[in-house]
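Working notes, beginning with the structure itself.
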Amino acid sequence: MLVLLAGQVPADQLANHLRVIDRFVPNADRRTNYPTLAETGANRMDKAVIVALRGIVGRDGDRIALARDGISDVRDSGRYSIFQYVASGDGFYRDGSFIQHDAVPYVGSYGTVLLDDIARLFLLLAGSPWAITDPSQNVLLDAVGASFAPFVTDGAMMDCVRGRAVSREYSSDHVTGHGVIASVLMLAAGAPAPYADRFRALAKGWIERDTALPYLASASVPQIVAAKVVLADTTVPAEPEPSYHKQFPHQDRIVHRRPDWSFTLGLSSSRIFRYECGNGENLHGWYTGDGMTYLYTGRDRNQYADGFWPTVDPYRLPGTTVGTEPRSDAVSTGTSGPIAFDPWVGGAVLADRYGAVGAAFTSYDRTITARKSWFLTDDAVIALGAGITRTGDDHPVLTVVENRNLHADGTAGLVVDGHAQPVEPGWQKAFPSARWAHLTGVGGYVFGDGAALHAERAERTGRWSDIDTGADTGGGGEAITRRYLTLWFDHGATPTDATYQYVLLPNASPDATARWAADPPVRVLANTPAVQAIQVSRPYLTMATFFAAGEAGRLSCDGPAAVLVRVDGDRITVAVSDPSRTADTIRLTLPYPVRRVATADDTVRLESSRPQAVLSIAVGGSVGATHTATLLR
């Protein structure tokens with residue numbers, strides 16, 4: 001208000017108002033209620049904006065300098081800078097992760113607030129004596145491509161990095177994505193040319209592809225002006241949807257991107273919350289970090305924005321292995337969440353294209369244990385589960401293959417083994433030995449040698465107020481009804497070493513799904529509590545997760561690891577990580593002899609070349625990062 005009324009507020013009133021601001025936000029560095037603690041992340045940037053504006057309104061250059069310097073103070077002095085990578089706690093990591101609240105993957109909520117604040121400060125202070133000139137500002141500029149862009153698809157910010165914000169009725173994934181677009185365009189106005197060009201190309205692509213919630217329809221006037229300039233500029237190419245696989249070890253997230261679909265996982269470990277709650281928000285988010293899978297396709301850009309969170313069955317989130325016992329609303333003082341129990345969570349990436357991801361899973365009440373893996377290729381996601389065991393409960397344990405929002409009146413066709421199934425809500429059926437299924441508008445599902453598959457169509461009614469009662473975020477009490485198609489495996493109430501396997505084929509046709517089932521290009525090599533592994537024929541690729549020492553075919557490993565091995569002519573490319581972060585050195589025995597090492601990270605050493613190549617990988621201290629080598633045979 002003081003900015004808007006500049007020059008109109010009497011001096012004595014202005015002084016009184018500024019004293020109030022100075023009382024509650026004297027600088028960006030300290031928390032108001034806990035002044036011995038340094039402020040971090042988005043909260044710090046919020047305060048930097050306040051201090052900068054207070055300095056301008058009060059014509060106080062020292063205050064403006066305090067705001068600018070609050071961005072760049074370094075943690076070595078007990079303070080925090082967004083222009084420095086962190087190795088623990090809140091901030092940006094070199095792998096692209098962004099953490100806030102100590103253990104929440106948060107680039108899609110607090111991260112977007114931080115991005116908006118810093119973009120405003122760059123623009124506000126540019127050309128003044130207080131301009132931001134920190135030589136390390138590229139840390140933030142690089143984060144646009146490394147931390148934010150991987151999780152934005154067709155203009156929507158993926159929910160797996162939005163924490164408790166998924167429960168806010170007014171803030172869908174597209175609304176949040178639009179905030180990123182606005183911030184990126186604002187940053188482009190003052191960023192160096194290479195960054196500015198990339199930022200405009202990213203924003204243009206996101207704006208043009210977001211048909212679910214058109215950007216210009218909801219943008220502010222300045223945002224519309226900035227967007228129209230870029231949209232009309234023929235020299236700015238619209239950056240397309242990417243094609244890559246990225247691991248984010250520090251936040252237990254992966255993204256697997258292809259031009260016409262994207263897939264991501266919500267995981268948790270002894271380092272990362274299962275879910276975030278608090279302030280009356282995200283009351284039913286219990287299982288979102290237990291391996292929930294998110295599939296985004298260009299055919300349905302509104303999957304998670306159209307009433308998904310208040311209407312989806314929170315006990316049947318896709319990808320999860322879960323008990324069905326009733327849970328109480330999640331509550332906490334302030335904002336927090338439960339840390340998971342297991343350290344073995346993560347994976348490895350090969351050539352920025354393929355991924356092997358695994359999770360040692362223990363349920364919130366320690367009654368269910370399992371080993372779960374996802375192997376991600378050019379056109380498929382192969383999911384394996386083993387060692388599924390439960391003690392001390394009589395509620396069924398389920399593994400959910402799919403739980404798709406069909407929207408208010410959806411009748412997407414389901415075909416199982418070539419037979420069309422009813423489309424009316426209320427239909428349910430068990431298929432004792434299903435080999436494949438297809439859901440119109442989504443893709444195909446293949447179940448190997450046949451599985452006891454359960455399928456259901458249901459209408460579910462909920463209210464945003466069921467999942468968010470926050471003082472300033474609480475949802476409306478209007479009933480919302482959406483239709484869902486659910487596919488799952490029922491392991492019984494007290495399974496012992498139960499298993500599952502399924503393949504997700506995004507955007508595949510029924511015929512393509514049937515062909516895959518009849519002549520699968522993927523073979524399961526192992527699906528045990530110790531090792532889960534597959535062999536892909538095109539390209540020739542072995543993918544494995546070793547939860548302990550073991551073998552998969554003739555590939556063996558002496559400790560915990562995620563492994564990918566690709567053979568292309570006389571070249572063998574290997575990618576290895578230790579997601580558990582417990583080993584110092586891993587010895588990997590390949591199924592092939594080799595002549596020599598062509599290229600390798602300095603952590604990889606060839607111990608023996610024949611009759612089978614043996615690699616030694618120094619993984620200690622690498623905190624889940626991937627180590628690679630290329631060998632010649």
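If you're wondering about the labels, chains in the structure tokens are A, B, ... by order shown, residues count from 1 in each chain, ligands from 1 in order shown.
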| task | Excluding Cys160 of chain A and residues on its chain fewer than 5 positions from it, collect all residues at most 8 Å away from it, counting only C-alpha atoms, and give them as a ChimeraX atom specification. | result | /A:105,253,264-266,288,294
| task | Write out as a ChimeraX atom specification the residues lying within 9 Å of Val597 of chain A, counting only C-alpha atoms and excluding same-chain residues fewer than 4 positions away. | result | /A:605-606,629-632
| request: Determine which residues of segment 412-553 of chain A DSSP labels as strand (DSSP E) from the backbone of this structure, then write them out as a PyMOL selection string. | output: chain A and resi 414-416+419-420+428-439+443-462+480-490+498-506+522-527+531-536+540-546+550-552
| task | Pick out the residues sitting within 9 Å of segment 579-585 of chain A, and hand them over as a ChimeraX atom specification; count only C-alpha atoms, and ignore anything fewer than 2 positions along from it in its own chain. | result | /A:249,342-348,357-359,547,559-562,577,587,616-625
Write out the residues from the selection above, keeping C-alpha atoms, as a compact mmCIF listing (two decimals), in the first residue's frame.
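The new file out-v5.txt reads:
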```txt
# COMPACT_ATOMS: atom_id res chain seq x y z
CA PRO A 249 19.13 -38.15 -5.68
CA ASP A 342 14.71 -46.92 4.44
CA PRO A 343 17.89 -45.38 2.97
CA TRP A 344 17.86 -47.51 -0.23
CA VAL A 345 15.89 -45.21 -2.53
CA GLY A 346 17.08 -43.88 -5.90
CA GLY A 347 18.59 -45.09 -9.11
CA ALA A 348 21.00 -44.67 -12.00
CA VAL A 357 14.98 -46.81 -10.07
CA GLY A 358 14.30 -48.74 -6.88
CA ALA A 359 12.96 -48.38 -3.36
CA PHE A 547 19.17 -54.31 -2.80
CA GLY A 559 26.53 -54.80 -2.83
CA PRO A 560 23.67 -52.33 -3.09
CA ALA A 561 23.46 -50.71 -6.53
CA ALA A 562 21.35 -49.55 -9.44
CA SER A 577 25.01 -45.81 -8.46
CA ARG A 587 32.36 -54.63 -7.63
CA SER A 616 35.36 -51.55 -9.26
CA ILE A 617 33.32 -48.39 -8.64
CA ALA A 618 34.23 -46.05 -5.77
CA VAL A 619 30.76 -44.88 -4.77
CA GLY A 620 31.57 -43.73 -1.24
CA GLY A 621 30.61 -40.10 -0.68
CA SER A 622 28.86 -39.74 -4.04
CA VAL A 623 25.40 -39.52 -2.37
CA GLY A 624 23.55 -41.58 -4.96
CA ALA A 625 25.12 -40.08 -8.10
```
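The nearest approach to Pro529 of chain A among the residues A:Ala598, A:Ala370, A:Val381, A:Val236, with only C-alpha atoms taken into account, belongs to A:Ala370.
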| task | Output as a PyMOL selection string all residues of segment 255-449 of chain A that backbone DSSP marks as helix (DSSP H, G or I). | result | chain A and resi 308-311
For the residues in the current selection, export all heavy atoms as a PDB file, in the first residue's frame.
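Ended up saving to again11.pdb:
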```pdb
ATOM      1  N   PHE A 308      -8.827 -33.871  -9.023  1.00  0.00           N
ATOM      2  CA  PHE A 308      -8.212 -35.157  -8.726  1.00  0.00           C
ATOM      3  C   PHE A 308      -8.028 -35.365  -7.225  1.00  0.00           C
ATOM      4  O   PHE A 308      -8.465 -36.382  -6.658  1.00  0.00           O
ATOM      5  CB  PHE A 308      -6.859 -35.260  -9.437  1.00  0.00           C
ATOM      6  CG  PHE A 308      -6.087 -36.529  -9.151  1.00  0.00           C
ATOM      7  CD1 PHE A 308      -6.328 -37.671  -9.891  1.00  0.00           C
ATOM      8  CD2 PHE A 308      -5.127 -36.577  -8.147  1.00  0.00           C
ATOM      9  CE1 PHE A 308      -5.617 -38.848  -9.645  1.00  0.00           C
ATOM     10  CE2 PHE A 308      -4.411 -37.737  -7.887  1.00  0.00           C
ATOM     11  CZ  PHE A 308      -4.663 -38.878  -8.637  1.00  0.00           C
ATOM     12  N   TRP A 309      -7.387 -34.420  -6.543  1.00  0.00           N
ATOM     13  CA  TRP A 309      -6.970 -34.662  -5.162  1.00  0.00           C
ATOM     14  C   TRP A 309      -8.134 -34.803  -4.183  1.00  0.00           C
ATOM     15  O   TRP A 309      -8.061 -35.643  -3.276  1.00  0.00           O
ATOM     16  CB  TRP A 309      -5.982 -33.587  -4.716  1.00  0.00           C
ATOM     17  CG  TRP A 309      -4.690 -33.732  -5.463  1.00  0.00           C
ATOM     18  CD1 TRP A 309      -4.237 -32.956  -6.493  1.00  0.00           C
ATOM     19  CD2 TRP A 309      -3.710 -34.763  -5.291  1.00  0.00           C
ATOM     20  NE1 TRP A 309      -3.031 -33.430  -6.968  1.00  0.00           N
ATOM     21  CE2 TRP A 309      -2.689 -34.538  -6.243  1.00  0.00           C
ATOM     22  CE3 TRP A 309      -3.593 -35.840  -4.425  1.00  0.00           C
ATOM     23  CZ2 TRP A 309      -1.561 -35.355  -6.337  1.00  0.00           C
ATOM     24  CZ3 TRP A 309      -2.479 -36.666  -4.524  1.00  0.00           C
ATOM     25  CH2 TRP A 309      -1.485 -36.428  -5.472  1.00  0.00           C
ATOM     26  N   PRO A 310      -9.230 -34.055  -4.304  1.00  0.00           N
ATOM     27  CA  PRO A 310     -10.331 -34.289  -3.358  1.00  0.00           C
ATOM     28  C   PRO A 310     -11.190 -35.500  -3.682  1.00  0.00           C
ATOM     29  O   PRO A 310     -11.985 -35.932  -2.843  1.00  0.00           O
ATOM     30  CB  PRO A 310     -11.160 -33.000  -3.454  1.00  0.00           C
ATOM     31  CG  PRO A 310     -10.883 -32.480  -4.805  1.00  0.00           C
ATOM     32  CD  PRO A 310      -9.462 -32.847  -5.119  1.00  0.00           C
ATOM     33  N   THR A 311     -11.052 -36.083  -4.886  1.00  0.00           N
ATOM     34  CA  THR A 311     -11.931 -37.200  -5.255  1.00  0.00           C
ATOM     35  C   THR A 311     -11.213 -38.530  -5.403  1.00  0.00           C
ATOM     36  O   THR A 311     -11.851 -39.585  -5.305  1.00  0.00           O
ATOM     37  CB  THR A 311     -12.672 -36.890  -6.576  1.00  0.00           C
ATOM     38  OG1 THR A 311     -11.718 -36.681  -7.623  1.00  0.00           O
ATOM     39  CG2 THR A 311     -13.557 -35.665  -6.425  1.00  0.00           C
TER      40      THR A 311
END
```
| remark: Pairwise distance, atom CA of Val221 of chain A with atom CA of Arg301 of chain A, equals 25.1 Å
| query | Please, what distance in Å, to one decimal, runs between atom CA of Ala549 of chain A and atom CA of Gly385 of chain A? | reply | 17.6 Å
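Of the residues under consideration (A:Ile50, A:Leu406, A:Ile181, A:Val57), A:Ile181 shows the shortest atom-to-atom contact distance to Leu115 of chain A when counting only C-alpha atoms.
For the choices A:Asp558, A:Asp197, A:Asp60, A:Asp329, the atom-to-atom distance to Glu281 of chain A is smallest for A:Asp329 when using only C-alpha atoms.
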| query | Quick one: of A:Leu18, A:Met45, A:Ile254, A:Ala103, who's nearest to Gly58 of chain A, counting only C-alpha atoms? | reply | A:Leu18
